[in-house]
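Source file input.txt; content: compact mmCIF, C-alpha atoms.
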# COMPACT_ATOMS: atom_id res chain seq x y z
CA MET G 501 -13.57 28.22 -12.05
CA THR G 502 -13.29 28.03 -15.84
CA THR G 503 -15.28 25.46 -17.82
CA ASN G 504 -16.25 25.09 -21.43
CA GLY G 505 -17.80 21.67 -21.12
CA PRO G 506 -20.87 20.62 -23.13
CA LEU G 507 -23.20 21.52 -20.21
CA ALA G 508 -21.44 24.73 -19.23
CA ASN G 509 -24.64 26.79 -19.35
CA ALA G 510 -26.84 24.34 -17.45
CA LEU G 511 -28.02 24.75 -13.85
CA VAL G 512 -28.69 21.49 -11.99
CA LEU G 513 -30.50 21.21 -8.66
CA ASP G 514 -29.43 18.08 -6.83
CA LEU G 515 -32.03 17.22 -4.18
CA SER G 516 -30.94 13.60 -3.99
CA ARG G 517 -29.12 11.73 -1.26
CA ALA G 518 -26.78 8.75 -0.85
CA LEU G 519 -25.38 7.60 -4.20
CA ALA G 520 -27.57 7.09 -7.29
CA GLY G 521 -28.86 10.67 -7.64
CA PRO G 522 -25.66 12.33 -6.43
CA HIS G 523 -23.67 10.24 -8.90
CA ALA G 524 -25.88 11.41 -11.78
CA ALA G 525 -25.55 15.03 -10.65
CA MET G 526 -21.77 14.68 -10.34
CA MET G 527 -21.59 13.38 -13.92
CA LEU G 528 -23.46 16.48 -15.09
CA GLY G 529 -21.11 18.65 -13.04
CA ASP G 530 -18.14 16.93 -14.67
CA LEU G 531 -19.62 17.99 -18.01
CA GLY G 532 -19.54 21.62 -16.95
CA ALA G 533 -22.97 22.16 -15.39
CA ARG G 534 -23.36 24.30 -12.29
CA VAL G 535 -24.68 21.86 -9.66
CA ILE G 536 -26.32 23.15 -6.49
CA LYS G 537 -26.73 20.40 -3.93
CA VAL G 538 -29.78 21.15 -1.77
CA GLU G 539 -29.39 19.60 1.70
CA SER G 540 -31.43 19.55 4.86
CA PRO G 541 -29.97 21.62 7.72
CA GLY G 542 -27.87 19.85 10.31
CA GLN G 543 -27.02 16.47 8.85
CA GLY G 544 -27.31 16.95 5.09
CA ASP G 545 -26.71 14.05 2.74
CA ASP G 546 -26.90 10.67 4.49
CA SER G 547 -23.55 9.62 3.04
CA ARG G 548 -21.72 12.36 4.96
CA ILE G 549 -21.76 10.10 8.04
CA TRP G 550 -21.14 6.76 6.32
CA GLY G 551 -17.71 6.24 7.83
CA PRO G 552 -15.06 5.66 8.91
CA PRO G 553 -12.96 6.49 7.07
CA PHE G 554 -13.51 10.24 7.19
CA VAL G 555 -11.70 13.08 5.40
CA GLY G 556 -8.68 13.67 7.62
CA ASP G 557 -8.89 14.34 11.35
CA GLU G 558 -10.62 17.72 11.14
CA SER G 559 -13.55 16.91 8.86
CA THR G 560 -16.79 15.17 9.75
CA ASP G 561 -17.46 14.08 6.15
CA ALA G 562 -17.00 10.42 5.24
CA THR G 563 -14.87 9.44 2.28
CA TYR G 564 -18.01 7.74 0.93
CA TYR G 565 -19.55 11.20 0.48
CA LEU G 566 -16.46 12.35 -1.44
CA SER G 567 -17.02 9.64 -4.04
CA CYS G 568 -20.12 11.22 -5.60
CA ASN G 569 -20.13 14.96 -4.91
CA ARG G 570 -17.22 16.67 -6.67
CA ASN G 571 -17.91 19.83 -8.68
CA LYS G 572 -20.95 20.89 -6.64
CA GLU G 573 -22.08 23.69 -4.33
CA SER G 574 -23.92 22.95 -1.06
CA LEU G 575 -27.02 24.90 -0.05
CA GLN G 576 -28.84 24.18 3.21
CA LEU G 577 -32.64 24.48 2.87
CA ASP G 578 -35.44 23.38 5.15
CA LEU G 579 -38.02 22.38 2.56
CA LYS G 580 -40.72 22.15 5.23
CA SER G 581 -40.35 25.84 6.11
CA ALA G 582 -42.01 28.65 4.19
CA SER G 583 -38.71 30.34 3.39
CA GLY G 584 -37.06 27.10 2.27
CA HIS G 585 -40.06 26.21 0.17
CA GLU G 586 -40.04 29.59 -1.56
CA ALA G 587 -36.27 29.48 -2.13
CA LEU G 588 -36.62 26.12 -3.85
CA ARG G 589 -39.45 27.47 -6.00
CA GLU G 590 -37.17 30.29 -7.14
CA LEU G 591 -34.33 27.86 -7.87
CA ILE G 592 -36.68 25.68 -9.91
CA ARG G 593 -37.71 28.69 -11.99
CA ARG G 594 -34.07 29.20 -12.99
CA ALA G 595 -32.94 25.59 -13.25
CA ASP G 596 -32.46 23.39 -16.28
CA VAL G 597 -32.43 20.09 -14.39
CA LEU G 598 -33.78 18.85 -11.05
CA ILE G 599 -32.69 15.50 -9.62
CA GLU G 600 -34.58 13.78 -6.81
CA ASN G 601 -34.65 10.30 -5.31
CA PHE G 602 -37.41 10.66 -2.74
CA ARG G 603 -39.66 7.67 -2.25
CA PRO G 604 -42.63 7.87 -4.66
CA GLY G 605 -45.07 10.56 -3.50
CA VAL G 606 -42.78 12.32 -1.01
CA PHE G 607 -41.82 15.21 -3.31
CA ASP G 608 -45.50 15.64 -4.20
CA ARG G 609 -46.38 15.95 -0.52
CA LEU G 610 -43.68 18.58 -0.09
CA GLY G 611 -45.67 20.66 -2.57
CA PHE G 612 -43.85 19.84 -5.80
CA PRO G 613 -45.91 17.41 -7.89
CA PRO G 614 -45.17 17.32 -11.65
CA ALA G 615 -47.93 19.83 -12.40
CA VAL G 616 -46.38 22.41 -10.06
CA LEU G 617 -42.91 21.82 -11.50
CA GLU G 618 -44.25 22.34 -15.00
CA GLU G 619 -46.05 25.51 -13.94
CA LEU G 620 -42.90 26.92 -12.36
CA ASN G 621 -40.67 25.98 -15.28
CA PRO G 622 -42.10 24.25 -18.35
CA ARG G 623 -38.55 23.77 -19.72
CA LEU G 624 -37.38 21.87 -16.63
CA VAL G 625 -35.94 18.38 -17.02
CA VAL G 626 -36.62 16.26 -13.92
CA LEU G 627 -34.69 13.08 -13.11
CA SER G 628 -36.49 10.85 -10.65
CA ILE G 629 -34.65 7.77 -9.33
CA SER G 630 -36.43 5.21 -7.16
CA GLY G 631 -35.73 1.76 -5.83
CA PHE G 632 -38.25 -0.31 -7.77
CA GLY G 633 -40.00 2.15 -10.10
CA SER G 634 -42.68 4.80 -9.79
CA GLU G 635 -45.60 2.43 -10.30
CA GLY G 636 -46.38 -1.25 -9.87
CA PRO G 637 -47.19 -3.33 -6.77
CA GLU G 638 -43.81 -2.74 -5.10
CA SER G 639 -43.14 0.87 -6.04
CA GLU G 640 -43.34 2.03 -2.42
CA ARG G 641 -40.38 -0.06 -1.31
CA PRO G 642 -37.28 1.94 -0.30
CA GLY G 643 -34.29 1.66 -2.60
CA TYR G 644 -31.14 0.13 -1.17
CA ASP G 645 -28.47 -1.23 -3.47
CA LEU G 646 -27.91 -4.46 -1.53
CA ILE G 647 -31.62 -5.32 -1.67
CA ALA G 648 -31.86 -4.43 -5.36
CA GLN G 649 -28.84 -6.58 -6.23
CA GLY G 650 -30.64 -9.57 -4.77
CA GLU G 651 -34.11 -8.79 -6.12
CA SER G 652 -32.80 -8.09 -9.64
CA GLY G 653 -31.13 -11.49 -9.97
CA LEU G 654 -27.65 -9.99 -10.10
CA MET G 655 -26.44 -11.82 -6.99
CA SER G 656 -27.62 -15.16 -8.42
CA ILE G 657 -25.14 -14.83 -11.29
CA THR G 658 -22.30 -13.44 -9.15
CA GLY G 659 -20.01 -15.41 -6.86
CA PRO G 660 -18.00 -18.63 -6.85
CA ASP G 661 -20.93 -20.96 -7.62
CA PRO G 662 -24.75 -21.11 -7.59
CA ASP G 663 -24.83 -21.96 -3.89
CA HIS G 664 -23.08 -18.76 -2.80
CA PRO G 665 -24.86 -15.69 -4.27
CA THR G 666 -22.58 -12.69 -3.88
CA ARG G 667 -23.06 -8.95 -4.11
CA VAL G 668 -20.86 -6.92 -6.42
CA GLY G 669 -18.07 -5.17 -4.49
CA VAL G 670 -19.41 -1.67 -5.25
CA PRO G 671 -23.03 -0.38 -5.09
CA ILE G 672 -23.45 -1.20 -8.75
CA GLY G 673 -27.21 -0.64 -8.80
CA ASP G 674 -26.80 2.89 -7.48
CA LEU G 675 -23.98 3.63 -9.88
CA LEU G 676 -25.76 2.27 -12.94
CA ALA G 677 -28.98 4.08 -12.04
CA GLY G 678 -26.96 7.29 -11.81
CA ILE G 679 -25.30 6.65 -15.17
CA TYR G 680 -28.59 5.78 -16.87
CA GLY G 681 -30.15 8.82 -15.21
CA ALA G 682 -27.46 11.18 -16.48
CA PHE G 683 -27.82 9.70 -19.96
CA GLY G 684 -31.56 10.29 -19.75
CA VAL G 685 -31.05 13.89 -18.67
CA VAL G 686 -28.76 14.83 -21.55
CA SER G 687 -31.18 13.12 -23.95
CA ALA G 688 -34.08 15.12 -22.49
CA LEU G 689 -32.08 18.34 -22.74
CA ASN G 690 -31.45 17.61 -26.40
CA ASP G 691 -35.18 17.01 -26.89
CA ARG G 692 -35.93 20.27 -25.09
CA ASN G 693 -33.63 22.11 -27.46
CA GLN G 694 -35.82 20.85 -30.31
CA THR G 695 -39.26 21.22 -28.73
CA GLY G 696 -38.84 23.83 -25.99
CA ARG G 697 -40.54 21.40 -23.63
CA GLY G 698 -39.18 19.83 -20.45
CA SER G 699 -39.90 16.29 -19.32
CA VAL G 700 -39.59 13.78 -16.48
CA VAL G 701 -36.91 11.08 -16.79
CA ARG G 702 -37.46 8.02 -14.59
CA THR G 703 -35.22 5.12 -13.71
CA SER G 704 -34.70 2.86 -10.72
CA LEU G 705 -32.16 0.54 -9.13
CA LEU G 706 -34.23 -2.41 -10.36
CA ALA G 707 -34.38 -1.07 -13.92
CA ALA G 708 -30.65 -0.33 -13.98
CA LEU G 709 -29.70 -3.81 -12.82
CA VAL G 710 -32.14 -5.66 -15.07
CA GLY G 711 -30.83 -3.49 -17.90
CA ALA G 712 -27.34 -4.82 -17.14
CA HIS G 713 -28.23 -8.53 -17.42
CA ALA G 714 -26.78 -8.54 -20.96
CA PHE G 715 -26.49 -12.11 -22.31
CA HIS G 716 -28.01 -13.58 -19.14
CA GLY G 717 -31.25 -11.78 -19.95
CA THR G 718 -31.53 -13.02 -23.52
CA ALA G 719 -30.40 -16.52 -22.52
CA TRP G 720 -33.59 -16.72 -20.48
CA THR G 721 -36.03 -14.73 -22.63
CA THR G 722 -35.11 -16.43 -25.91
CA ALA G 723 -33.63 -19.80 -24.91
CA GLY G 724 -35.19 -20.53 -21.51
CA LYS G 725 -31.78 -20.93 -19.85
CA VAL G 726 -31.42 -19.62 -16.30
CA GLY G 727 -28.00 -18.12 -15.70
CA ALA G 728 -25.98 -19.07 -12.64
CA ALA G 729 -22.82 -17.90 -10.91
CA SER G 730 -19.66 -19.28 -12.47
CA GLY G 731 -16.99 -17.61 -10.35
CA ASN G 732 -14.13 -15.97 -12.16
CA HIS G 733 -14.73 -17.87 -15.39
CA HIS G 734 -17.07 -16.79 -18.19
CA PRO G 735 -20.16 -18.98 -18.54
CA GLN G 736 -20.08 -18.95 -22.36
CA ILE G 737 -16.43 -18.49 -23.37
CA ALA G 738 -13.37 -20.60 -22.45
CA PRO G 739 -10.66 -20.10 -21.47
CA TYR G 740 -11.79 -16.73 -20.16
CA GLY G 741 -11.11 -16.07 -16.50
CA ALA G 742 -8.65 -16.01 -13.60
CA PHE G 743 -5.90 -18.61 -13.35
CA ARG G 744 -3.32 -19.30 -10.68
CA CYS G 745 0.33 -18.79 -11.54
CA ALA G 746 3.56 -19.15 -9.55
CA ASP G 747 3.15 -15.95 -7.52
CA GLY G 748 -0.53 -15.06 -7.70
CA THR G 749 -3.26 -14.75 -10.29
CA VAL G 750 -3.38 -13.83 -13.95
CA GLN G 751 -6.49 -13.21 -16.03
CA VAL G 752 -6.68 -14.47 -19.58
CA ALA G 753 -9.46 -13.65 -22.07
CA VAL G 754 -9.38 -15.94 -25.10
CA GLY G 755 -12.19 -14.54 -27.22
CA SER G 756 -11.63 -16.24 -30.58
CA GLU G 757 -10.34 -19.46 -32.08
CA ALA G 758 -7.30 -17.59 -33.42
CA GLN G 759 -6.47 -16.44 -29.90
CA TRP G 760 -6.97 -19.97 -28.59
CA ARG G 761 -4.40 -21.31 -31.03
CA LYS G 762 -1.93 -18.60 -29.98
CA PHE G 763 -2.54 -19.28 -26.30
CA ALA G 764 -2.24 -23.05 -26.70
CA ASP G 765 1.02 -22.63 -28.60
CA LEU G 766 2.34 -20.30 -25.90
CA LEU G 767 1.62 -22.90 -23.22
CA GLY G 768 2.81 -25.86 -25.29
CA LEU G 769 -0.69 -27.34 -25.52
CA ASP G 770 -2.31 -29.08 -28.47
CA ALA G 771 -4.88 -26.62 -29.83
CA GLU G 772 -6.57 -29.51 -31.70
CA ASP G 773 -7.01 -31.69 -28.61
CA GLU G 774 -10.51 -33.08 -29.13
CA ARG G 775 -11.55 -31.85 -25.67
CA PHE G 776 -10.60 -28.25 -26.50
CA ALA G 777 -10.76 -27.89 -30.28
CA SER G 778 -13.74 -25.48 -30.23
CA ASN G 779 -15.30 -23.10 -27.74
CA SER G 780 -18.26 -25.48 -27.24
CA GLU G 781 -15.92 -28.37 -26.45
CA ARG G 782 -13.82 -26.20 -24.15
CA LEU G 783 -16.95 -25.19 -22.24
CA ALA G 784 -18.06 -28.80 -21.94
CA ASN G 785 -14.63 -29.72 -20.55
CA ARG G 786 -13.92 -26.49 -18.69
CA ASP G 787 -12.74 -28.07 -15.44
CA ALA G 788 -10.20 -30.16 -17.33
CA LEU G 789 -9.17 -27.11 -19.36
CA ILE G 790 -8.59 -25.01 -16.23
CA GLU G 791 -6.47 -27.76 -14.71
CA VAL G 792 -4.35 -28.15 -17.84
CA VAL G 793 -3.84 -24.39 -18.22
CA GLU G 794 -3.02 -23.82 -14.55
CA ASN G 795 -0.51 -26.68 -14.48
CA VAL G 796 1.52 -24.71 -17.02
CA LEU G 797 0.90 -21.23 -15.58
CA LEU G 798 1.98 -22.38 -12.10
CA THR G 799 5.51 -22.93 -13.41
CA LYS G 800 6.27 -19.21 -13.87
CA PRO G 801 5.40 -15.87 -12.21
CA ARG G 802 2.61 -13.51 -13.23
CA ASP G 803 4.76 -10.92 -14.96
CA HIS G 804 6.28 -13.57 -17.21
CA TRP G 805 2.88 -14.66 -18.43
CA LEU G 806 1.58 -11.10 -18.84
CA THR G 807 4.56 -10.23 -21.02
CA SER G 808 4.36 -13.48 -23.00
CA CYS G 809 0.62 -13.16 -23.60
CA ASN G 810 1.00 -9.55 -24.70
CA GLU G 811 3.74 -10.46 -27.17
CA ALA G 812 1.62 -13.34 -28.53
CA GLY G 813 -1.50 -11.18 -28.93
CA VAL G 814 -3.49 -12.93 -26.21
CA PRO G 815 -5.45 -10.56 -23.92
CA ALA G 816 -4.26 -10.89 -20.31
CA GLY G 817 -4.13 -8.76 -17.22
CA ALA G 818 -3.23 -8.47 -13.56
CA VAL G 819 -5.63 -8.44 -10.62
CA ARG G 820 -4.72 -5.17 -8.92
CA ALA G 821 -5.53 -3.98 -5.43
CA ILE G 822 -7.20 -0.56 -5.13
CA ASP G 823 -3.99 1.16 -4.01
CA GLU G 824 -2.13 -0.27 -7.03
CA VAL G 825 -4.79 1.09 -9.38
CA TYR G 826 -4.50 4.67 -8.11
CA GLU G 827 -0.70 4.61 -8.22
CA TRP G 828 -0.66 3.03 -11.70
CA GLU G 829 0.74 5.41 -14.31
CA GLN G 830 -1.94 4.38 -16.81
CA THR G 831 -4.73 5.39 -14.40
CA ARG G 832 -3.18 8.79 -13.81
CA SER G 833 -2.49 9.36 -17.49
CA GLN G 834 -6.25 9.22 -18.12
CA GLY G 835 -7.10 11.94 -15.61
CA LEU G 836 -8.71 9.43 -13.28
CA VAL G 837 -7.06 11.04 -10.25
CA VAL G 838 -7.45 14.78 -9.64
CA GLU G 839 -6.13 17.11 -6.96
CA VAL G 840 -8.66 19.43 -5.33
CA GLU G 841 -8.62 21.96 -2.50
CA HIS G 842 -10.79 20.77 0.37
CA PRO G 843 -12.04 23.68 2.52
CA VAL G 844 -11.10 21.93 5.78
CA VAL G 845 -8.12 19.66 5.15
CA GLY G 846 -6.48 21.38 2.16
CA LYS G 847 -5.20 19.60 -0.93
CA ILE G 848 -6.46 16.05 -1.43
CA GLU G 849 -6.62 13.60 -4.30
CA ILE G 850 -9.94 12.13 -5.37
CA PRO G 851 -11.06 9.97 -8.32
CA GLY G 852 -11.53 12.00 -11.48
CA PRO G 853 -14.22 11.92 -14.19
CA PRO G 854 -14.23 8.94 -16.58
CA LEU G 855 -15.18 11.06 -19.62
CA ARG G 856 -12.90 13.39 -21.57
CA PHE G 857 -13.65 15.71 -24.48
CA GLU G 858 -11.21 16.80 -27.17
CA THR G 859 -11.23 18.59 -30.50
CA PHE G 860 -10.19 16.55 -33.53
CA THR G 861 -6.76 18.09 -33.18
CA GLY G 862 -6.40 16.84 -29.62
CA GLN G 863 -7.17 20.05 -27.72
CA ARG G 864 -8.85 19.31 -24.39
CA LEU G 865 -12.35 20.63 -23.78
CA GLY G 866 -14.31 20.81 -20.55
CA ARG G 867 -13.34 21.74 -17.02
CA THR G 868 -9.83 23.07 -16.49
CA GLU G 869 -10.05 22.30 -12.78
CA HIS G 870 -12.28 20.43 -10.36
CA THR G 871 -13.66 21.35 -6.96
CA ALA G 872 -13.77 19.22 -3.84
CA PRO G 873 -17.11 17.91 -2.60
CA PRO G 874 -18.51 20.81 -0.54
CA THR G 875 -18.89 20.88 3.21
CA LEU G 876 -22.47 21.09 4.44
CA GLY G 877 -23.89 24.52 3.61
CA GLN G 878 -20.57 25.80 2.28
CA HIS G 879 -22.29 27.87 -0.42
CA THR G 880 -25.53 28.80 1.34
CA SER G 881 -24.65 32.48 1.63
CA ALA G 882 -23.32 32.76 -1.92
CA VAL G 883 -26.34 31.03 -3.45
CA SER G 884 -28.75 33.10 -1.33
CA GLU G 885 -27.06 36.31 -2.46
CA TRP G 886 -27.24 35.15 -6.06
CA LEU G 887 -30.97 34.50 -5.72
CA GLU G 888 -31.58 37.90 -4.19
CA SER G 889 -29.53 39.73 -6.82
CA ARG G 890 -31.57 38.57 -9.80

Would you encode the structure as structure tokens?
Amino acid sequence: MTTNGPLANALVLDLSRALAGPHAAMMLGDLGARVIKVESPGQGDDSRIWGPPFVGDESTDATYYLSCNRNKESLQLDLKSASGHEALRELIRRADVLIENFRPGVFDRLGFPPAVLEELNPRLVVLSISGFGSEGPESERPGYDLIAQGESGLMSITGPDPDHPTRVGVPIGDLLAGIYGAFGVVSALNDRNQTGRGSVVRTSLLAALVGAHAFHGTAWTTAGKVGAASGNHHPQIAPYGAFRCADGTVQVAVGSEAQWRKFADLLGLDAEDERFASNSERLANRDALIEVVENVLLTKPRDHWLTSCNEAGVPAGAVRAIDEVYEWEQTRSQGLVVEVEHPVVGKIEIPGPPLRFETFTGQRLGRTEHTAPPTLGQHTSAVSEWLESR
């Protein structure tokens, strides 16, 4: 496989399981790093069995596992055995990055506390992802996205109203922790290039979700206002949300007074109506505003309004189902779907990386091809031979 990505010379050891750590490692693999996924013999990563659905009829890997393990190699190691322990020590000596999401203290008890890692490889960058942080009164709690979404306050600001807290439809805590973790790793690698010294990067599901509070966080810390769920309408901007039309739903995002005047004109409304003349007044009368807007939108189908809003310069969009998104030409034009060769079921399509690199003249940089998430132990022999040959 050919790659000239920004991390093309980096070796990453992925000792993590489930989603947060594997997602971070996959991001580094997308950037060109060689990622060796270290898995326990037999079952491997927990997410391999989180199905159905599974990958075709001949594979025992769940599609969940496919979502966070492209561009990796799989090595089976029993870290409790002497041989597995020594093999990991040798890998650490050669690695640039090690990712783990054991519960606090577990990796230490396996014989790899920070002091040992530094002794083996003082240039090593370690990413440690936990549920609630590495210290504090609740650091020992296991990290599950659903629990973290509730504990972080995210569910209290998500859903149709304050009485129905709702989880986000994807494991957003895991995903954000992985993204923050990957960002931390590349920052630590840059620091290492300056100082020659490795470091430990720490994040958690709790930290990732609190870090995503955005305006809800500052509304409380600086104004004492507790945010609450407001359904599909923005709590501080109006009109900004989902509206019914003749054949479904259309989303409209009016983010300025100029856009409001355009939108009102498009719908035949009075932009200077005293109830709606400013964003503050529109928020105070939001229920009435939604009713007035929907009464007009219900007269014509979604595509009519999407076209009309686009022509008028008013941001609007469709609410697409997952299958529509992956068949959408715009999605595919951005490289967000890639074809890979799965070792069991052959050619399959999987989601592609969300980052692209180009020269200023438009020449693509980075991976020229991607590899399917590996089957359990697929590269054990190759990696073992590589270790023995050096």

Per-residue nearest contacts of range 705-760 of chain G to range 636-646 of chain G (10 Å; only C-alpha atoms) as a Markdown table:
| residue | atom | partner | partner_atom | distance |
| --- | --- | --- | --- | --- |
| G:Leu705 | CA | G:Gly643 | CA | 7.0 |
| G:Leu706 | CA | G:Gly643 | CA | 8.8 |
| G:Leu709 | CA | G:Asp645 | CA | 9.8 |

- Please indicate the distance in Å from CA of Pro735 in chain G to CA of Ala764 in chain G, rounded to one decimal place.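 About the pair CA of Pro735 in chain G and CA of Ala764 in chain G: they are 20.1 Å apart.
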
- Message: Using only C-alpha atoms for the distances, tell me which of G:Gln576, G:Asn693, G:Ser704, G:Ser687 is nearest to Gly633 in chain G.
- Response: G:Ser704

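With CA of Arg864 in chain G on one side and CA of Val837 in chain G on the other, the separation reads 16.5 Å.
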
Excluding Pro873 in chain G and any residue of its chain fewer than 3 positions from it, enumerate the residues within 10 Å of it, using all atoms listed in the file, and give them as an mmCIF file with C-alpha atoms, in the frame of the given file.
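Written file, part.cif:
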data_model
loop_
_atom_site.group_PDB
_atom_site.id
_atom_site.type_symbol
_atom_site.label_atom_id
_atom_site.label_comp_id
_atom_site.auth_asym_id
_atom_site.auth_seq_id
_atom_site.Cartn_x
_atom_site.Cartn_y
_atom_site.Cartn_z
ATOM 1 C CA MET G 526 -21.770 14.680 -10.340
ATOM 2 C CA ASP G 561 -17.460 14.080 6.150
ATOM 3 C CA TYR G 565 -19.550 11.200 0.480
ATOM 4 C CA LEU G 566 -16.460 12.350 -1.440
ATOM 5 C CA SER G 567 -17.020 9.640 -4.040
ATOM 6 C CA CYS G 568 -20.120 11.220 -5.600
ATOM 7 C CA ASN G 569 -20.130 14.960 -4.910
ATOM 8 C CA ARG G 570 -17.220 16.670 -6.670
ATOM 9 C CA ASN G 571 -17.910 19.830 -8.680
ATOM 10 C CA LYS G 572 -20.950 20.890 -6.640
ATOM 11 C CA GLU G 573 -22.080 23.690 -4.330
ATOM 12 C CA SER G 574 -23.920 22.950 -1.060
ATOM 13 C CA VAL G 840 -8.660 19.430 -5.330
ATOM 14 C CA GLU G 841 -8.620 21.960 -2.500
ATOM 15 C CA HIS G 842 -10.790 20.770 0.370
ATOM 16 C CA PRO G 843 -12.040 23.680 2.520
ATOM 17 C CA ILE G 850 -9.940 12.130 -5.370
ATOM 18 C CA HIS G 870 -12.280 20.430 -10.360
ATOM 19 C CA LEU G 876 -22.470 21.090 4.440
ATOM 20 C CA GLN G 878 -20.570 25.800 2.280
#

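In this structure, CA of Val726 in chain G sits 9.4 Å away from CA of Ile657 in chain G.
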
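Among the candidates G:Gly681, G:Gly521, G:Pro739, G:Pro506, the residue lying nearest to Asp787 in chain G is G:Pro739 (atoms considered: only C-alpha atoms).
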
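With distances taken from (-22.9, 11.6, 4.8) and restricted to all atoms listed in the file, the residues inside 10 Å are G:Arg517, G:Ala518, G:Gln543, G:Gly544, G:Asp545, G:Asp546, G:Ser547, G:Arg548, G:Ile549, G:Trp550, G:Gly551, G:Phe554, G:Thr560, G:Asp561, G:Ala562, G:Thr563, G:Tyr564, G:Tyr565, G:Leu566, G:Leu876.
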
Go ahead and save the picked residues with C-alpha atoms, as a PDB file, in the frame of the given file.
ATOM      1  CA  ARG G 517     -29.120  11.730  -1.260  1.00  0.00           C
ATOM      2  CA  ALA G 518     -26.780   8.750  -0.850  1.00  0.00           C
ATOM      3  CA  GLN G 543     -27.020  16.470   8.850  1.00  0.00           C
ATOM      4  CA  GLY G 544     -27.310  16.950   5.090  1.00  0.00           C
ATOM      5  CA  ASP G 545     -26.710  14.050   2.740  1.00  0.00           C
ATOM      6  CA  ASP G 546     -26.900  10.670   4.490  1.00  0.00           C
ATOM      7  CA  SER G 547     -23.550   9.620   3.040  1.00  0.00           C
ATOM      8  CA  ARG G 548     -21.720  12.360   4.960  1.00  0.00           C
ATOM      9  CA  ILE G 549     -21.760  10.100   8.040  1.00  0.00           C
ATOM     10  CA  TRP G 550     -21.140   6.760   6.320  1.00  0.00           C
ATOM     11  CA  GLY G 551     -17.710   6.240   7.830  1.00  0.00           C
ATOM     12  CA  PHE G 554     -13.510  10.240   7.190  1.00  0.00           C
ATOM     13  CA  THR G 560     -16.790  15.170   9.750  1.00  0.00           C
ATOM     14  CA  ASP G 561     -17.460  14.080   6.150  1.00  0.00           C
ATOM     15  CA  ALA G 562     -17.000  10.420   5.240  1.00  0.00           C
ATOM     16  CA  THR G 563     -14.870   9.440   2.280  1.00  0.00           C
ATOM     17  CA  TYR G 564     -18.010   7.740   0.930  1.00  0.00           C
ATOM     18  CA  TYR G 565     -19.550  11.200   0.480  1.00  0.00           C
ATOM     19  CA  LEU G 566     -16.460  12.350  -1.440  1.00  0.00           C
ATOM     20  CA  LEU G 876     -22.470  21.090   4.440  1.00  0.00           C
TER      21      LEU G 876
END

- Query: Taking into account all atoms listed in the file, which residue in the set G:Cys745, G:Leu789, G:Ile822, G:Ala714 is nearest to Trp760 in chain G?
  - Reply: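 Once distances to Trp760 in chain G are computed over all atoms listed in the file, the minimum belongs to G:Leu789.
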
- Note on the structure: If you count all atoms listed in the file, the residue of G:Gln830, G:Gln736, G:Gln694, G:Ser630 closest to Arg782 in chain G turns out to be G:Gln736

- Taking all atoms listed in the file into account, which of G:Asn779, G:Thr749, G:Ser634, G:Gln649 comes nearest Val701 in chain G?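 With all atoms listed in the file as the atom set, the closest residue is G:Ser634.
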
Could you pull the residues within 8 Å of Leu689 in chain G, counting only C-alpha atoms, minus those fewer than 4 positions along the same chain, as a tab-separated table (two decimals) with C-alpha atoms, in the frame of the given file?
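Produced file out_31.tsv, reproduced below:
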chain	number	residue	atom	x	y	z
G	625	VAL	CA	-35.94	18.38	-17.02
G	685	VAL	CA	-31.05	13.89	-18.67
G	693	ASN	CA	-33.63	22.11	-27.46
G	698	GLY	CA	-39.18	19.83	-20.45

Which centre and edge lengths in Å to one decimal define the box along x, y and z that fits every listed atom of range 558-577 of chain G plus 4 Å per side, as JSON?
{"center_x": -21.6, "center_y": 16.3, "center_z": 1.2, "size_x": 30.0, "size_y": 25.2, "size_z": 27.8}

- Nearest to Val710 in chain G by atom-to-atom distance, counting all atoms listed in the file, from G:Leu654, G:Val555, G:Ala723, G:Ile592: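 Going through G:Leu654, G:Val555, G:Ala723, G:Ile592 one by one, the smallest distance to Val710 in chain G is for G:Leu654.
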